[in-house]
$ cat work39.pdb   # PDB, C-alpha atoms
ATOM      1  CA  MET U  22      51.060 -95.664   7.672
ATOM      2  CA  LEU U  23      50.049 -97.191   4.345
ATOM      3  CA  LEU U  24      46.814 -95.656   3.106
ATOM      4  CA  ARG U  25      44.125 -98.270   2.437
ATOM      5  CA  THR U  26      40.826 -97.203   0.928
ATOM      6  CA  ARG U  27      37.962 -98.694  -1.025
ATOM      7  CA  LEU U  28      35.447 -98.244  -3.787
ATOM      8  CA  ALA U  29      32.119 -99.492  -2.415
ATOM      9  CA  PRO U  30      29.339 -99.443  -5.025
ATOM     10  CA  THR U  31      26.003-101.219  -4.655
ATOM     11  CA  PRO U  32      24.715-103.387  -7.544
ATOM     12  CA  SER U  33      21.115-102.201  -7.188
ATOM     13  CA  GLY U  34      21.059 -99.921 -10.236
ATOM     14  CA  TYR U  35      23.267 -98.453 -12.947
ATOM     15  CA  LEU U  36      25.990 -96.173 -11.581
ATOM     16  CA  HIS U  37      25.609 -92.414 -12.022
ATOM     17  CA  LEU U  38      27.779 -89.289 -11.971
ATOM     18  CA  GLY U  39      27.988 -89.165  -8.179
ATOM     19  CA  ASN U  40      29.337 -92.724  -8.077
ATOM     20  CA  ALA U  41      31.937 -91.930 -10.728
ATOM     21  CA  LEU U  42      33.162 -88.828  -8.923
ATOM     22  CA  SER U  43      33.528 -90.739  -5.666
ATOM     23  CA  PHE U  44      35.485 -93.445  -7.505
ATOM     24  CA  VAL U  45      37.762 -90.945  -9.216
ATOM     25  CA  VAL U  46      38.674 -88.833  -6.199
ATOM     26  CA  THR U  47      39.231 -91.930  -4.047
ATOM     27  CA  TRP U  48      41.495 -93.407  -6.714
ATOM     28  CA  ALA U  49      43.476 -90.184  -7.239
ATOM     29  CA  ILE U  50      44.144 -89.641  -3.532
ATOM     30  CA  ALA U  51      45.191 -93.257  -3.008
ATOM     31  CA  ARG U  52      47.474 -93.385  -6.028
ATOM     32  CA  ALA U  53      49.067 -90.009  -5.193
ATOM     33  CA  ARG U  54      49.951 -91.357  -1.749
ATOM     34  CA  GLU U  55      51.024 -94.781  -3.055
ATOM     35  CA  GLY U  56      48.152 -96.352  -1.157
ATOM     36  CA  GLN U  57      46.064 -99.435  -1.826
ATOM     37  CA  ILE U  58      42.508 -99.657  -3.153
ATOM     38  CA  LEU U  59      39.954-102.378  -2.505
ATOM     39  CA  LEU U  60      36.910-102.912  -4.708
ATOM     40  CA  ARG U  61      34.177-103.808  -2.215
ATOM     41  CA  ILE U  62      30.784-104.342  -3.802
ATOM     42  CA  ASP U  63      27.973-104.048  -1.262
ATOM     43  CA  ASP U  64      25.317-106.648  -2.120
ATOM     44  CA  LEU U  65      23.949-107.118   1.390
ATOM     45  CA  ASP U  66      20.447-106.807  -0.098
ATOM     46  CA  ALA U  67      20.824-109.691  -2.534
ATOM     47  CA  GLY U  68      17.243-109.310  -3.703
ATOM     48  CA  ARG U  69      18.112-106.011  -5.416
ATOM     49  CA  ARG U  70      21.275-107.306  -7.071
ATOM     50  CA  ARG U  71      21.026-107.767 -10.823
ATOM     51  CA  PRO U  72      23.647-109.224 -13.218
ATOM     52  CA  GLU U  73      23.488-106.136 -15.427
ATOM     53  CA  TYR U  74      24.118-103.829 -12.467
ATOM     54  CA  LEU U  75      27.064-105.931 -11.330
ATOM     55  CA  GLU U  76      28.548-105.910 -14.823
ATOM     56  CA  ASP U  77      28.068-102.129 -14.991
ATOM     57  CA  ILE U  78      30.418-101.606 -12.032
ATOM     58  CA  PHE U  79      33.333-103.233 -13.830
ATOM     59  CA  ARG U  80      32.553-101.503 -17.139
ATOM     60  CA  THR U  81      32.439 -98.123 -15.378
ATOM     61  CA  ILE U  82      35.831 -98.643 -13.719
ATOM     62  CA  GLU U  83      37.310 -99.602 -17.089
ATOM     63  CA  TRP U  84      35.707 -96.594 -18.801
ATOM     64  CA  LEU U  85      37.116 -94.227 -16.174
ATOM     65  CA  ASP U  86      40.603 -95.719 -16.718
ATOM     66  CA  ILE U  87      41.186 -96.290 -13.023
ATOM     67  CA  ASP U  88      42.290 -99.445 -11.231
ATOM     68  CA  PHE U  89      42.293-101.196  -7.866
ATOM     69  CA  ASP U  90      44.670-103.518  -6.033
ATOM     70  CA  GLU U  91      42.366-105.980  -4.316
ATOM     71  CA  GLY U  92      38.927-107.366  -4.990
ATOM     72  CA  PRO U  93      37.038-109.309  -7.655
ATOM     73  CA  GLU U  94      38.287-109.556 -11.221
ATOM     74  CA  GLY U  95      34.750-109.636 -12.580
ATOM     75  CA  PRO U  96      31.142-110.566 -11.751
ATOM     76  CA  ASP U  97      31.777-114.320 -11.529
ATOM     77  CA  ASP U  98      34.787-113.867  -9.255
ATOM     78  CA  PHE U  99      32.763-111.499  -7.080
ATOM     79  CA  LEU U 100      29.939-113.982  -6.608
ATOM     80  CA  ALA U 101      32.382-116.811  -5.903
ATOM     81  CA  GLN U 102      34.704-115.040  -3.452
ATOM     82  CA  TYR U 103      33.692-111.511  -2.460
ATOM     83  CA  SER U 104      29.904-111.261  -2.131
ATOM     84  CA  GLN U 105      28.685-109.996   1.225
ATOM     85  CA  GLN U 106      26.371-112.989   1.231
ATOM     86  CA  LEU U 107      29.488-115.095   1.874
ATOM     87  CA  ARG U 108      30.368-112.945   4.882
ATOM     88  CA  LEU U 109      27.067-113.167   6.756
ATOM     89  CA  PRO U 110      28.628-115.278   9.571
ATOM     90  CA  GLN U 111      31.084-112.458  10.345
ATOM     91  CA  TYR U 112      28.271-109.898  10.543
ATOM     92  CA  HIS U 113      26.214-112.125  12.820
ATOM     93  CA  GLU U 114      29.238-112.669  15.051
ATOM     94  CA  ALA U 115      29.534-108.894  15.542
ATOM     95  CA  LEU U 116      25.824-108.774  16.370
ATOM     96  CA  ARG U 117      26.258-111.601  18.866
ATOM     97  CA  GLN U 118      29.058-109.683  20.602
ATOM     98  CA  LEU U 119      26.955-106.538  20.873
ATOM     99  CA  LYS U 120      24.017-108.523  22.216
ATOM    100  CA  GLU U 121      26.087-110.379  24.816
ATOM    101  CA  GLN U 122      27.654-107.115  25.966
ATOM    102  CA  GLY U 123      24.187-105.700  26.638
ATOM    103  CA  HIS U 124      24.276-102.973  23.978
ATOM    104  CA  LEU U 125      21.158-104.140  22.100
ATOM    105  CA  TYR U 126      17.451-104.581  22.684
ATOM    106  CA  ALA U 127      14.635-106.203  20.732
ATOM    107  CA  CYS U 128      12.032-104.053  18.969
ATOM    108  CA  THR U 129       8.748-105.034  17.285
ATOM    109  CA  CYS U 130       7.528-101.535  16.408
ATOM    110  CA  SER U 131       6.274-100.896  12.883
ATOM    111  CA  ARG U 132       7.256 -97.877  10.812
ATOM    112  CA  LYS U 133       3.718 -96.545  11.197
ATOM    113  CA  GLU U 134       3.938 -96.794  14.979
ATOM    114  CA  ILE U 135       7.302 -95.009  14.975
ATOM    115  CA  ARG U 136       5.955 -92.186  12.802
ATOM    116  CA  GLN U 137       2.989 -91.747  15.134
ATOM    117  CA  LEU U 138       5.081 -91.670  18.320
ATOM    118  CA  SER U 139       8.263 -89.913  17.210
ATOM    119  CA  THR U 140       8.707 -86.168  17.598
ATOM    120  CA  ASN U 141      11.869 -85.909  15.453
ATOM    121  CA  GLY U 142      11.722 -88.899  13.086
ATOM    122  CA  ASN U 143      13.943 -91.070  15.284
ATOM    123  CA  TYR U 144      12.830 -94.161  17.135
ATOM    124  CA  PRO U 145      11.301 -93.032  20.474
ATOM    125  CA  GLY U 146      12.634 -95.975  22.500
ATOM    126  CA  THR U 147       9.268 -97.663  22.961
ATOM    127  CA  CYS U 148      10.704-101.187  23.392
ATOM    128  CA  LEU U 149      13.861-100.163  25.257
ATOM    129  CA  LYS U 150      12.790-101.379  28.699
ATOM    130  CA  GLN U 151      10.227-104.001  27.716
ATOM    131  CA  GLY U 152      12.671-106.918  27.572
ATOM    132  CA  LYS U 153      11.234-108.389  24.382
ATOM    133  CA  ASP U 154      12.449-111.694  22.980
ATOM    134  CA  PHE U 155      15.383-111.201  20.586
ATOM    135  CA  ASP U 156      14.462-114.378  18.695
ATOM    136  CA  ALA U 157      10.747-113.712  18.233
ATOM    137  CA  PRO U 158       9.499-113.446  14.622
ATOM    138  CA  ARG U 159       9.491-110.023  12.967
ATOM    139  CA  THR U 160      11.758-108.536  15.609
ATOM    140  CA  ALA U 161      14.488-105.991  14.916
ATOM    141  CA  TRP U 162      17.560-105.436  17.064
ATOM    142  CA  ARG U 163      18.442-101.863  18.028
ATOM    143  CA  VAL U 164      21.618-100.510  19.591
ATOM    144  CA  LYS U 165      21.304 -98.297  22.651
ATOM    145  CA  VAL U 166      22.391 -94.764  21.759
ATOM    146  CA  GLY U 167      20.213 -92.557  23.923
ATOM    147  CA  PRO U 168      18.811 -89.064  23.305
ATOM    148  CA  THR U 169      22.282 -87.494  23.102
ATOM    149  CA  ARG U 170      25.595 -89.102  22.133
ATOM    150  CA  GLU U 171      28.439 -86.974  20.742
ATOM    151  CA  VAL U 172      30.665 -88.759  18.216
ATOM    152  CA  THR U 173      33.864 -87.197  16.889
ATOM    153  CA  ILE U 174      34.834 -87.895  13.265
ATOM    154  CA  PRO U 175      38.453 -87.446  12.070
ATOM    155  CA  GLY U 176      38.022 -85.522   8.818
ATOM    156  CA  TRP U 177      40.232 -84.842   5.799
ATOM    157  CA  LYS U 178      39.916 -81.389   4.169
ATOM    158  CA  ARG U 179      36.879 -80.575   6.341
ATOM    159  CA  GLY U 180      38.816 -81.057   9.599
ATOM    160  CA  ILE U 181      37.535 -82.698  12.758
ATOM    161  CA  GLU U 182      33.745 -83.020  12.736
ATOM    162  CA  SER U 183      31.307 -84.146  15.378
ATOM    163  CA  ILE U 184      27.668 -85.124  15.379
ATOM    164  CA  ASP U 185      25.109 -85.850  18.048
ATOM    165  CA  LEU U 186      24.273 -89.420  17.103
ATOM    166  CA  GLY U 187      21.346 -89.463  19.515
ATOM    167  CA  ARG U 188      19.739 -86.518  17.769
ATOM    168  CA  GLU U 189      20.691 -87.610  14.234
ATOM    169  CA  MET U 190      19.787 -91.303  14.399
ATOM    170  CA  GLY U 191      18.709 -92.351  17.878
ATOM    171  CA  ASP U 192      18.647 -96.070  18.702
ATOM    172  CA  PHE U 193      19.211 -97.361  15.180
ATOM    173  CA  VAL U 194      18.607-100.860  13.800
ATOM    174  CA  VAL U 195      21.570-103.235  13.504
ATOM    175  CA  ARG U 196      19.583-106.374  12.651
ATOM    176  CA  GLN U 197      16.446-106.126  10.565
ATOM    177  CA  LYS U 198      13.128-107.871  11.178
ATOM    178  CA  ASN U 199      13.985-110.437   8.492
ATOM    179  CA  ARG U 200      17.077-111.327  10.603
ATOM    180  CA  ALA U 201      19.450-109.782   8.064
ATOM    181  CA  PRO U 202      22.331-107.610   9.348
ATOM    182  CA  ALA U 203      21.825-103.911   8.699
ATOM    183  CA  TYR U 204      24.148-101.869   6.471
ATOM    184  CA  GLN U 205      25.904-100.180   9.407
ATOM    185  CA  ILE U 206      27.154-103.527  10.751
ATOM    186  CA  ALA U 207      28.135-105.044   7.402
ATOM    187  CA  SER U 208      30.020-101.985   6.191
ATOM    188  CA  LEU U 209      31.870-101.634   9.491
ATOM    189  CA  VAL U 210      32.845-105.319   9.725
ATOM    190  CA  ASP U 211      34.128-105.268   6.134
ATOM    191  CA  ASP U 212      36.180-102.091   6.603
ATOM    192  CA  GLU U 213      37.731-103.473   9.789
ATOM    193  CA  HIS U 214      38.462-106.818   8.099
ATOM    194  CA  TRP U 215      40.233-105.199   5.151
ATOM    195  CA  LYS U 216      42.049-102.668   7.354
ATOM    196  CA  ILE U 217      40.557 -99.642   5.587
ATOM    197  CA  ASN U 218      41.870 -96.385   7.075
ATOM    198  CA  PHE U 219      40.761 -93.719   4.566
ATOM    199  CA  ILE U 220      37.134 -93.486   3.491
ATOM    200  CA  VAL U 221      35.571 -91.135   0.930
ATOM    201  CA  ARG U 222      31.810 -90.661   1.274
ATOM    202  CA  GLY U 223      29.088 -88.201   0.396
ATOM    203  CA  LEU U 224      28.142 -85.632   3.007
ATOM    204  CA  ASP U 225      24.754 -87.337   3.372
ATOM    205  CA  LEU U 226      26.530 -90.319   4.971
ATOM    206  CA  LEU U 227      27.993 -88.307   7.855
ATOM    207  CA  PRO U 228      25.443 -89.800  10.307
ATOM    208  CA  SER U 229      26.325 -93.304   9.044
ATOM    209  CA  THR U 230      29.971 -92.634   9.763
ATOM    210  CA  GLY U 231      29.048 -91.547  13.275
ATOM    211  CA  ALA U 232      26.962 -94.689  13.745
ATOM    212  CA  GLN U 233      29.778 -96.942  12.547
ATOM    213  CA  LEU U 234      32.370 -95.229  14.721
ATOM    214  CA  TYR U 235      30.052 -95.706  17.697
ATOM    215  CA  LEU U 236      29.662 -99.414  16.917
ATOM    216  CA  ALA U 237      33.406 -99.777  16.298
ATOM    217  CA  ASP U 238      34.088 -98.376  19.757
ATOM    218  CA  LEU U 239      31.636-100.821  21.341
ATOM    219  CA  LEU U 240      33.225-103.740  19.460
ATOM    220  CA  GLY U 241      36.819-102.656  20.113
ATOM    221  CA  TYR U 242      37.612-102.219  16.411
ATOM    222  CA  GLU U 243      40.826-100.199  16.707
ATOM    223  CA  GLN U 244      41.513-100.032  12.960
ATOM    224  CA  PHE U 245      38.238 -98.339  12.056
ATOM    225  CA  THR U 246      38.271 -95.944  14.998
ATOM    226  CA  GLN U 247      41.605 -94.589  13.713
ATOM    227  CA  ALA U 248      40.430 -94.101  10.122
ATOM    228  CA  THR U 249      40.200 -90.709   8.408
ATOM    229  CA  PHE U 250      37.071 -89.668   6.484
ATOM    230  CA  TRP U 251      36.324 -87.206   3.711
ATOM    231  CA  HIS U 252      32.638 -86.368   3.358
ATOM    232  CA  HIS U 253      32.442 -84.567   0.041
ATOM    233  CA  ASP U 254      29.639 -82.363  -1.271
ATOM    234  CA  LEU U 255      26.868 -84.035  -3.219
ATOM    235  CA  ILE U 256      26.120 -83.736  -6.917
ATOM    236  CA  THR U 257      22.541 -82.613  -7.403
ATOM    237  CA  GLY U 258      20.170 -82.600 -10.349
ATOM    238  CA  GLU U 259      18.431 -79.610 -11.856
ATOM    239  CA  ASP U 260      15.785 -79.857  -9.132
ATOM    240  CA  GLY U 261      18.476 -79.491  -6.471
ATOM    241  CA  GLN U 262      17.944 -83.027  -5.184
ATOM    242  CA  LYS U 263      20.721 -85.561  -4.626
ATOM    243  CA  LEU U 264      21.421 -87.799  -7.607
ATOM    244  CA  SER U 265      20.503 -91.410  -6.896
ATOM    245  CA  LYS U 266      19.934 -94.619  -8.785
ATOM    246  CA  SER U 267      16.495 -94.997  -7.237
ATOM    247  CA  ALA U 268      15.518 -91.520  -8.429
ATOM    248  CA  GLY U 269      16.522 -92.350 -12.008
ATOM    249  CA  ALA U 270      19.715 -90.304 -12.156
ATOM    250  CA  ASP U 271      21.400 -90.209 -15.555
ATOM    251  CA  ALA U 272      23.255 -93.516 -15.777
ATOM    252  CA  LEU U 273      26.882 -93.635 -16.883
ATOM    253  CA  LYS U 274      25.874 -96.591 -19.054
ATOM    254  CA  THR U 275      23.938 -94.108 -21.196
ATOM    255  CA  TRP U 276      27.024 -91.900 -21.441
ATOM    256  CA  ARG U 277      29.181 -94.809 -22.592
ATOM    257  CA  GLU U 278      26.656 -95.987 -25.148
ATOM    258  CA  ALA U 279      26.470 -92.438 -26.545
ATOM    259  CA  GLY U 280      30.253 -92.465 -27.060
ATOM    260  CA  LYS U 281      30.965 -89.859 -24.377
ATOM    261  CA  THR U 282      34.351 -89.723 -22.704
ATOM    262  CA  PRO U 283      34.653 -89.215 -18.924
ATOM    263  CA  GLY U 284      36.549 -85.932 -19.354
ATOM    264  CA  ASP U 285      33.907 -83.798 -17.627
ATOM    265  CA  ILE U 286      34.017 -86.123 -14.627
ATOM    266  CA  PHE U 287      37.734 -85.583 -14.143
ATOM    267  CA  GLN U 288      37.313 -81.811 -14.421
ATOM    268  CA  ILE U 289      34.646 -81.820 -11.704
ATOM    269  CA  ALA U 290      36.818 -84.107  -9.548
ATOM    270  CA  ALA U 291      39.701 -81.666  -9.923
ATOM    271  CA  ASP U 292      37.439 -78.842  -8.746
ATOM    272  CA  TRP U 293      36.374 -80.912  -5.727
ATOM    273  CA  LEU U 294      39.983 -81.553  -4.819
ATOM    274  CA  GLY U 295      41.052 -77.954  -5.420
ATOM    275  CA  VAL U 296      43.470 -78.762  -8.266
ATOM    276  CA  THR U 297      41.913 -76.686 -11.021
ATOM    277  CA  GLU U 298      44.930 -75.257 -12.848
ATOM    278  CA  GLY U 299      44.364 -75.882 -16.552
ATOM    279  CA  SER U 300      42.153 -78.467 -18.177
ATOM    280  CA  ILE U 301      42.036 -81.902 -16.585
ATOM    281  CA  ARG U 302      40.311 -84.480 -18.747
ATOM    282  CA  THR U 303      41.904 -87.844 -17.967
ATOM    283  CA  SER U 304      42.789 -89.972 -14.974
ATOM    284  CA  ALA U 305      46.490 -89.459 -15.672
ATOM    285  CA  GLU U 306      46.118 -85.658 -15.714
ATOM    286  CA  LEU U 307      44.130 -85.711 -12.480
ATOM    287  CA  LEU U 308      46.699 -87.890 -10.738
ATOM    288  CA  ALA U 309      49.550 -85.625 -11.848
ATOM    289  CA  ALA U 310      47.689 -82.568 -10.555
ATOM    290  CA  VAL U 311      46.977 -84.200  -7.188
ATOM    291  CA  LYS U 312      50.629 -85.183  -6.839
ATOM    292  CA  ASP U 313      51.718 -81.639  -7.669
ATOM    293  CA  GLN U 314      49.441 -80.247  -4.950
ATOM    294  CA  ASN U 315      50.732 -82.826  -2.440
ATOM    295  CA  LEU U 316      47.216 -83.449  -1.128
TER     296      LEU U 316
END
$ encode --input "work39.pdb" --output "C-alpha cells"
Amino acid sequence: MLLRTRLAPTPSGYLHLGNALSFVVTWAIARAREGQILLRIDDLDAGRRRPEYLEDIFRTIEWLDIDFDEGPEGPDDFLAQYSQQLRLPQYHEALRQLKEQGHLYACTCSRKEIRQLSTNGNYPGTCLKQGKDFDAPRTAWRVKVGPTREVTIPGWKRGIESIDLGREMGDFVVRQKNRAPAYQIASLVDDEHWKINFIVRGLDLLPSTGAQLYLADLLGYEQFTQATFWHHDLITGEDGQKLSKSAGADALKTWREAGKTPGDIFQIAADWLGVTEGSIRTSAELLAAVKDQNL
C-alpha cells in the first residue's frame, strides 16, 4: 500500500523545534518508503490565523530543505484552495451523520460547572439524559463515550497501543458552543478525505488519536481506521515542560534570522529514529540513513 502522510501545522504562532522535528521525521519516513506527503495547514480557528504565521510555515519548510507532494504552493494558494474554512460543509456533514445516528447529545454546561462537578477533569455527563435542544444558543454537542471505552491504536515503533477513552477524555465536544466543528472532527474528516494512512504525532496527542479512531468507527471511515500512528516523545524546555507556541517556545524564525542552519534538528531527528551512526546534519544525510536502516 502506498504510504500517504501529512505535515499539519497550525498558523497560530511561529513554528518551534518540536514542529520542525515532526516535519523532518515525517518527511524522511515518507521519502524512504517512496510515499506521498500532503501539506495540511490547520486553520480551523481562523481568528488565531495571522499572515506572518502562515508565511512562516512555508519559510520553515524551505529552510529545512524538505518538500511535499500535495497542498498549497504558498499563503495565497492556501487561502484560495486549501483553508479549512472552505471545508466547513464537510465537517458539518459528519456532525449531521453522528447526530442522526444518535451518537451525540446537546450540552449547555460551562467550564466552571464542569470543574465543580467533575472528579477526574472529564465531563461528568450532566446533560446526557436531559434531551436539550441541539440548536439552542450557546450549546455544545458531545459524543457519547461513557465512563470506559477501550480504543486500540495501531502503532509504529511503539507497537500496538490502547487507551481507555472514557477515562482519558469522557464525552468530548465535537461541535463547540459557537457552532464551529471541534478539532477532532475536522482533523479526522481531512485525513479520511486525503486518504492519509501514516500519521506522526507527539505523545501528548495519543488521546486525540483514540478520539478520532472512535469517531471514524462511528462514521464508517475505513481509511482512517486502518492507518498507522507514531506517537513520538516530546521536546521539552529547560523547565521540563512541553515546547509550545503559546508558551513562547524559541521560534525557528529567530534561528533563521540569526543565520543558523538546521543541522542540529536533523541530528536530533536521527536519534529519534534510531539512525545515529556518524554525524547527520542535512535532510539528504538523514534520508540516506533512514533508507540504510530500512525503517
$ residues_around --input "work39.pdb" --residues "Glu171 in chain U" --least-positions-apart "2" --cutoff "9 Å" --atoms "all atoms listed in the file" --output "list in words"
Thr169, Thr173, Ser183, Ile184, Asp185, Leu186, Gly187 and Gly231 of chain U
$ atom_distance --input "work39.pdb" --atom1 "CA of Lys133 in chain U" --atom2 "CA of Val195 in chain U"
19.2 Å
$ residues_around --input "work39.pdb" --residues "Arg54 in chain U" --least-positions-apart "5" --cutoff "9 Å" --atoms "all atoms listed in the file" --output "count of residues only"
6
$ resolve_selection --input "work39.pdb" --expression "the PyMOL selection byres ((chain U and resi 156) around 12)" --output "count of residues only"
20
$ residues_around --input "work39.pdb" --residues "Lys274 in chain U" --least-positions-apart "2" --cutoff "9 Å" --atoms "all atoms listed in the file" --output "PyMOL selection string"
chain U and resi 35-37+77+80-81+271-272+276-279
$ residues_around --input "work39.pdb" --residues "Leu85 in chain U" --least-positions-apart "6" --cutoff "12 Å" --atoms "all atoms listed in the file" --output "ChimeraX atom specification"
/U:38,40-46,48-49,78-79,273-274,276-277,281-287,302-305,307
$ write_last_selection --input "work39.pdb" --atoms "C-alpha atoms" --output "PDB file, keeping the file's coordinate frame"
ATOM      1  CA  LEU U  38      27.779 -89.289 -11.971  1.00  0.00           C
ATOM      2  CA  ASN U  40      29.337 -92.724  -8.077  1.00  0.00           C
ATOM      3  CA  ALA U  41      31.937 -91.930 -10.728  1.00  0.00           C
ATOM      4  CA  LEU U  42      33.162 -88.828  -8.923  1.00  0.00           C
ATOM      5  CA  SER U  43      33.528 -90.739  -5.666  1.00  0.00           C
ATOM      6  CA  PHE U  44      35.485 -93.445  -7.505  1.00  0.00           C
ATOM      7  CA  VAL U  45      37.762 -90.945  -9.216  1.00  0.00           C
ATOM      8  CA  VAL U  46      38.674 -88.833  -6.199  1.00  0.00           C
ATOM      9  CA  TRP U  48      41.495 -93.407  -6.714  1.00  0.00           C
ATOM     10  CA  ALA U  49      43.476 -90.184  -7.239  1.00  0.00           C
ATOM     11  CA  ILE U  78      30.418-101.606 -12.032  1.00  0.00           C
ATOM     12  CA  PHE U  79      33.333-103.233 -13.830  1.00  0.00           C
ATOM     13  CA  LEU U 273      26.882 -93.635 -16.883  1.00  0.00           C
ATOM     14  CA  LYS U 274      25.874 -96.591 -19.054  1.00  0.00           C
ATOM     15  CA  TRP U 276      27.024 -91.900 -21.441  1.00  0.00           C
ATOM     16  CA  ARG U 277      29.181 -94.809 -22.592  1.00  0.00           C
ATOM     17  CA  LYS U 281      30.965 -89.859 -24.377  1.00  0.00           C
ATOM     18  CA  THR U 282      34.351 -89.723 -22.704  1.00  0.00           C
ATOM     19  CA  PRO U 283      34.653 -89.215 -18.924  1.00  0.00           C
ATOM     20  CA  GLY U 284      36.549 -85.932 -19.354  1.00  0.00           C
ATOM     21  CA  ASP U 285      33.907 -83.798 -17.627  1.00  0.00           C
ATOM     22  CA  ILE U 286      34.017 -86.123 -14.627  1.00  0.00           C
ATOM     23  CA  PHE U 287      37.734 -85.583 -14.143  1.00  0.00           C
ATOM     24  CA  ARG U 302      40.311 -84.480 -18.747  1.00  0.00           C
ATOM     25  CA  THR U 303      41.904 -87.844 -17.967  1.00  0.00           C
ATOM     26  CA  SER U 304      42.789 -89.972 -14.974  1.00  0.00           C
ATOM     27  CA  ALA U 305      46.490 -89.459 -15.672  1.00  0.00           C
ATOM     28  CA  LEU U 307      44.130 -85.711 -12.480  1.00  0.00           C
TER      29      LEU U 307
END
$ closest_atom_pairs --input "work39.pdb" --of "range 141-205 of chain U" --to "range 292-297 of chain U" --cutoff "12 Å" --atoms "all atoms listed in the file" --output "Markdown table"
| residue | atom | partner | partner_atom | distance |
| --- | --- | --- | --- | --- |
| U:Trp177 | CA | U:Leu294 | CA | 11.1 |
| U:Lys178 | CA | U:Leu294 | CA | 9.0 |
| U:Arg179 | CA | U:Leu294 | CA | 11.6 |
$ resolve_selection --input "work39.pdb" --expression "the PyMOL selection byres ((chain U and resi 94-109) around 10)" --output "ChimeraX atom specification"
/U:60-67,72-80,89,91-93,110-114,201-202,207-208,210-211
$ atom_distance --input "work39.pdb" --atom1 "CA of Phe245 in chain U" --atom2 "CA of Asn218 in chain U"
6.5 Å
$ residues_near_point --input "work39.pdb" --point "(29.2, -100.5, 14.5)" --cutoff "12 Å" --atoms "all atoms listed in the file" --output "number ranges by chain"
U: 112, 115-116, 118-119, 124-125, 163-166, 193-196, 202-213, 229-243, 245-246
$ write_last_selection --input "work39.pdb" --atoms "C-alpha atoms" --output "short mmCIF file (atom, residue, chain, number, x, y, z; two decimals), keeping the file's coordinate frame"
data_model
loop_
_atom_site.label_atom_id
_atom_site.label_comp_id
_atom_site.auth_asym_id
_atom_site.auth_seq_id
_atom_site.Cartn_x
_atom_site.Cartn_y
_atom_site.Cartn_z
CA TYR U 112 28.27 -109.90 10.54
CA ALA U 115 29.53 -108.89 15.54
CA LEU U 116 25.82 -108.77 16.37
CA GLN U 118 29.06 -109.68 20.60
CA LEU U 119 26.96 -106.54 20.87
CA HIS U 124 24.28 -102.97 23.98
CA LEU U 125 21.16 -104.14 22.10
CA ARG U 163 18.44 -101.86 18.03
CA VAL U 164 21.62 -100.51 19.59
CA LYS U 165 21.30 -98.30 22.65
CA VAL U 166 22.39 -94.76 21.76
CA PHE U 193 19.21 -97.36 15.18
CA VAL U 194 18.61 -100.86 13.80
CA VAL U 195 21.57 -103.24 13.50
CA ARG U 196 19.58 -106.37 12.65
CA PRO U 202 22.33 -107.61 9.35
CA ALA U 203 21.82 -103.91 8.70
CA TYR U 204 24.15 -101.87 6.47
CA GLN U 205 25.90 -100.18 9.41
CA ILE U 206 27.15 -103.53 10.75
CA ALA U 207 28.14 -105.04 7.40
CA SER U 208 30.02 -101.98 6.19
CA LEU U 209 31.87 -101.63 9.49
CA VAL U 210 32.84 -105.32 9.72
CA ASP U 211 34.13 -105.27 6.13
CA ASP U 212 36.18 -102.09 6.60
CA GLU U 213 37.73 -103.47 9.79
CA SER U 229 26.32 -93.30 9.04
CA THR U 230 29.97 -92.63 9.76
CA GLY U 231 29.05 -91.55 13.28
CA ALA U 232 26.96 -94.69 13.74
CA GLN U 233 29.78 -96.94 12.55
CA LEU U 234 32.37 -95.23 14.72
CA TYR U 235 30.05 -95.71 17.70
CA LEU U 236 29.66 -99.41 16.92
CA ALA U 237 33.41 -99.78 16.30
CA ASP U 238 34.09 -98.38 19.76
CA LEU U 239 31.64 -100.82 21.34
CA LEU U 240 33.22 -103.74 19.46
CA GLY U 241 36.82 -102.66 20.11
CA TYR U 242 37.61 -102.22 16.41
CA GLU U 243 40.83 -100.20 16.71
CA PHE U 245 38.24 -98.34 12.06
CA THR U 246 38.27 -95.94 15.00
#
$ atom_distance --input "work39.pdb" --atom1 "CA of Glu306 in chain U" --atom2 "CA of Leu59 in chain U"
22.2 Å
$ residues_around --input "work39.pdb" --residues "range 222-228 of chain U" --least-positions-apart "3" --cutoff "6 Å" --atoms "only C-alpha atoms" --output "list in words"
Gly231, His252, His253, Asp254 and Leu255 of chain U
$ resolve_selection --input "work39.pdb" --expression "the PyMOL selection byres ((chain U and resi 33) around 8)" --output "ChimeraX atom specification"
/U:31-32,34-35,64,69-71,74,266
$ axis_aligned_box --input "work39.pdb" --around "range 209-221 of chain U" --padding-each-side "5 Å" --output "JSON"
{"center_x": 37.0, "center_y": -99.0, "center_z": 5.4, "size_x": 20.2, "size_y": 25.7, "size_z": 18.9}
